[in-house]
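Q: Dropping a structure here in structure tokens format, bear with me for questions.
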Amino acid sequence: WVVEILNALPPKAVDARSIHIFKTELGAPGELEAVRMQAQANPILVCRSLPELMAIDTVEVELIPEKKGLFLKHVEYEVSSQRFKSSVYRRYNDFVVFHEVLLQRFPYRMVPTLPPKRMLRVDREFIESRRRALKRFANLVARHPFFSEDELLQVFLSFSGSDVQNKIRESFRGVGDEFMTCEIATTAKDLLPPDIQAQFGASRELIRNIYNSFHKLRDRAERMASRSADNATDLLLFGKELSTLGSDTTPVPSWASVTSNTWGLLRQALRGLSVEFALLADKSAQQGKREEEEVVEKLSIFLDLLQSYKDLCERHEKGVLHEHQRALQKYTSMKRQMMSVTVQSKEPLSVEQLESRIVQQENAILNMELRNYFSMYCLHQETQLIHIYLHITSHVLTAFIDSQIQGHREVRTHQPVGMGCPGNSSTLKPPGTLLFISNN
């Protein structure tokens, strides 16, 4: 696909080296099957392709007409799922509760963040931006290989009762997190590579660099899409001004048109020309919309995933590792206290109490160690998921190059051929003759 697109560009735009660089090696079917067989022996491997993840579900989030409350307007969304064949109404706070419970259930997974609520000065632009962000959130969660198998997702996407927040809280009250419910949680250590800490550090640095670059790409893509929209507005206004000139009915003084009817001919030409500018404005607007939907949104969904990975790394360090270190410090302090009491005290009760507390702390440390290994196990899988989503780059490049080629091709279908204006030596075109011809 890349070769076909690049071949459509001007000859000097690309060379053989560029084509070689952009060609994407997705792997032969036999290679993917070999990886699947390895996964059966080692469950730490995530054997899903990007098309397979996309095929899990497609969630649409659309605005429904505003409903006015006693004091504030309530923005509601229609959330529909192809997988569950459901369509339900949800408010922003419903997403908040779903996000909170999802984070409690899966603290060691990439849980995407929600867009801000922003109570004050809620305008249409913000509401639309938040709708797109909620749609990205819903699709990332629905297509996650582990979230997609959890009942929590089905409740959020298909429960049609009056209070989904209470339904979620009550249904999952007392349900443990993934560590408590996963069958291999206590044996995750045996599945990890020996250099897992070094791999974690290298992966985190790589993801940070990828995030920074993709953030810049998204910003540039947003600016280009915005320029296309602004260009469409300017072209339309330019055409309207030409139409205004062409429709002017102010009488022409006789002394100004003694030898020719230049103004009359020019007015008719300008009226025709204004139609062409309206067509160009429409094409520019379409290009901006294409790049917003196919380039900016796809870059944004990948950035949302990368941000959730960064958040996960912080939870791992500030949560599991920090708690483990505190437990070890407490255990060391209690052992020292035990030695001191054994030497100084003659009361056996104090010694027995300390021994009991030390045993409890040892169990807590063991639990923390198991959680730490399980957290690394999940991080290993989530890192694989990031690299699966890296293939979205090919879709973004395809959409961007397609849009640019289509935009330039559409503009080239109309070319100015001259206009009979005063001072132009060419023959004056008949009134109403348009100044553009088709290349086709």
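Labels used: A, B, ... for chains in the order of the structure tokens, numbers from 1 for residues in each chain, and numbers from 1 for ligands as shown.
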Taking only region 12-248 of chain A into account, list the residues labelled strand (DSSP E) by DSSP (computed from the backbone), as a list in words.
A: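 The strand (DSSP E) residues within region 12-248 of chain A come out as Val59, Glu60, Val61, Glu62, Leu63, Lys67, Lys68, Lys73, His74, Glu76, Tyr77, Glu78, Val79, Ser80, Ser81, Ser86, Ser87, Val88, Tyr89, Arg90 and Arg91 of chain A.
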Q: Could you check which of A:Pro107, A:Leu306, A:Ile401, A:Asp311 is closest to Asn209 (chain A), using only C-alpha atoms?
A: A:Leu306
Q: When you count only C-alpha atoms, which of these residues is closest to Ala142 (chain A): A:Arg208, A:Arg83, A:Arg109, A:His316?
A: A:Arg83
Q: My list of candidates is A:Arg412, A:Arg105, A:Lys298, A:His391. Which is closest to Arg173 (chain A) when distances are computed with only C-alpha atoms?
A: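 Answer, going by the shortest atom-to-atom distance: A:Arg105.
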Q: How far is it from CA of Leu270 (chain A) to CA of Glu241 (chain A), in Å with one decimal?
A: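 We find that CA of Leu270 (chain A) and CA of Glu241 (chain A) lie 9.3 Å from each other.
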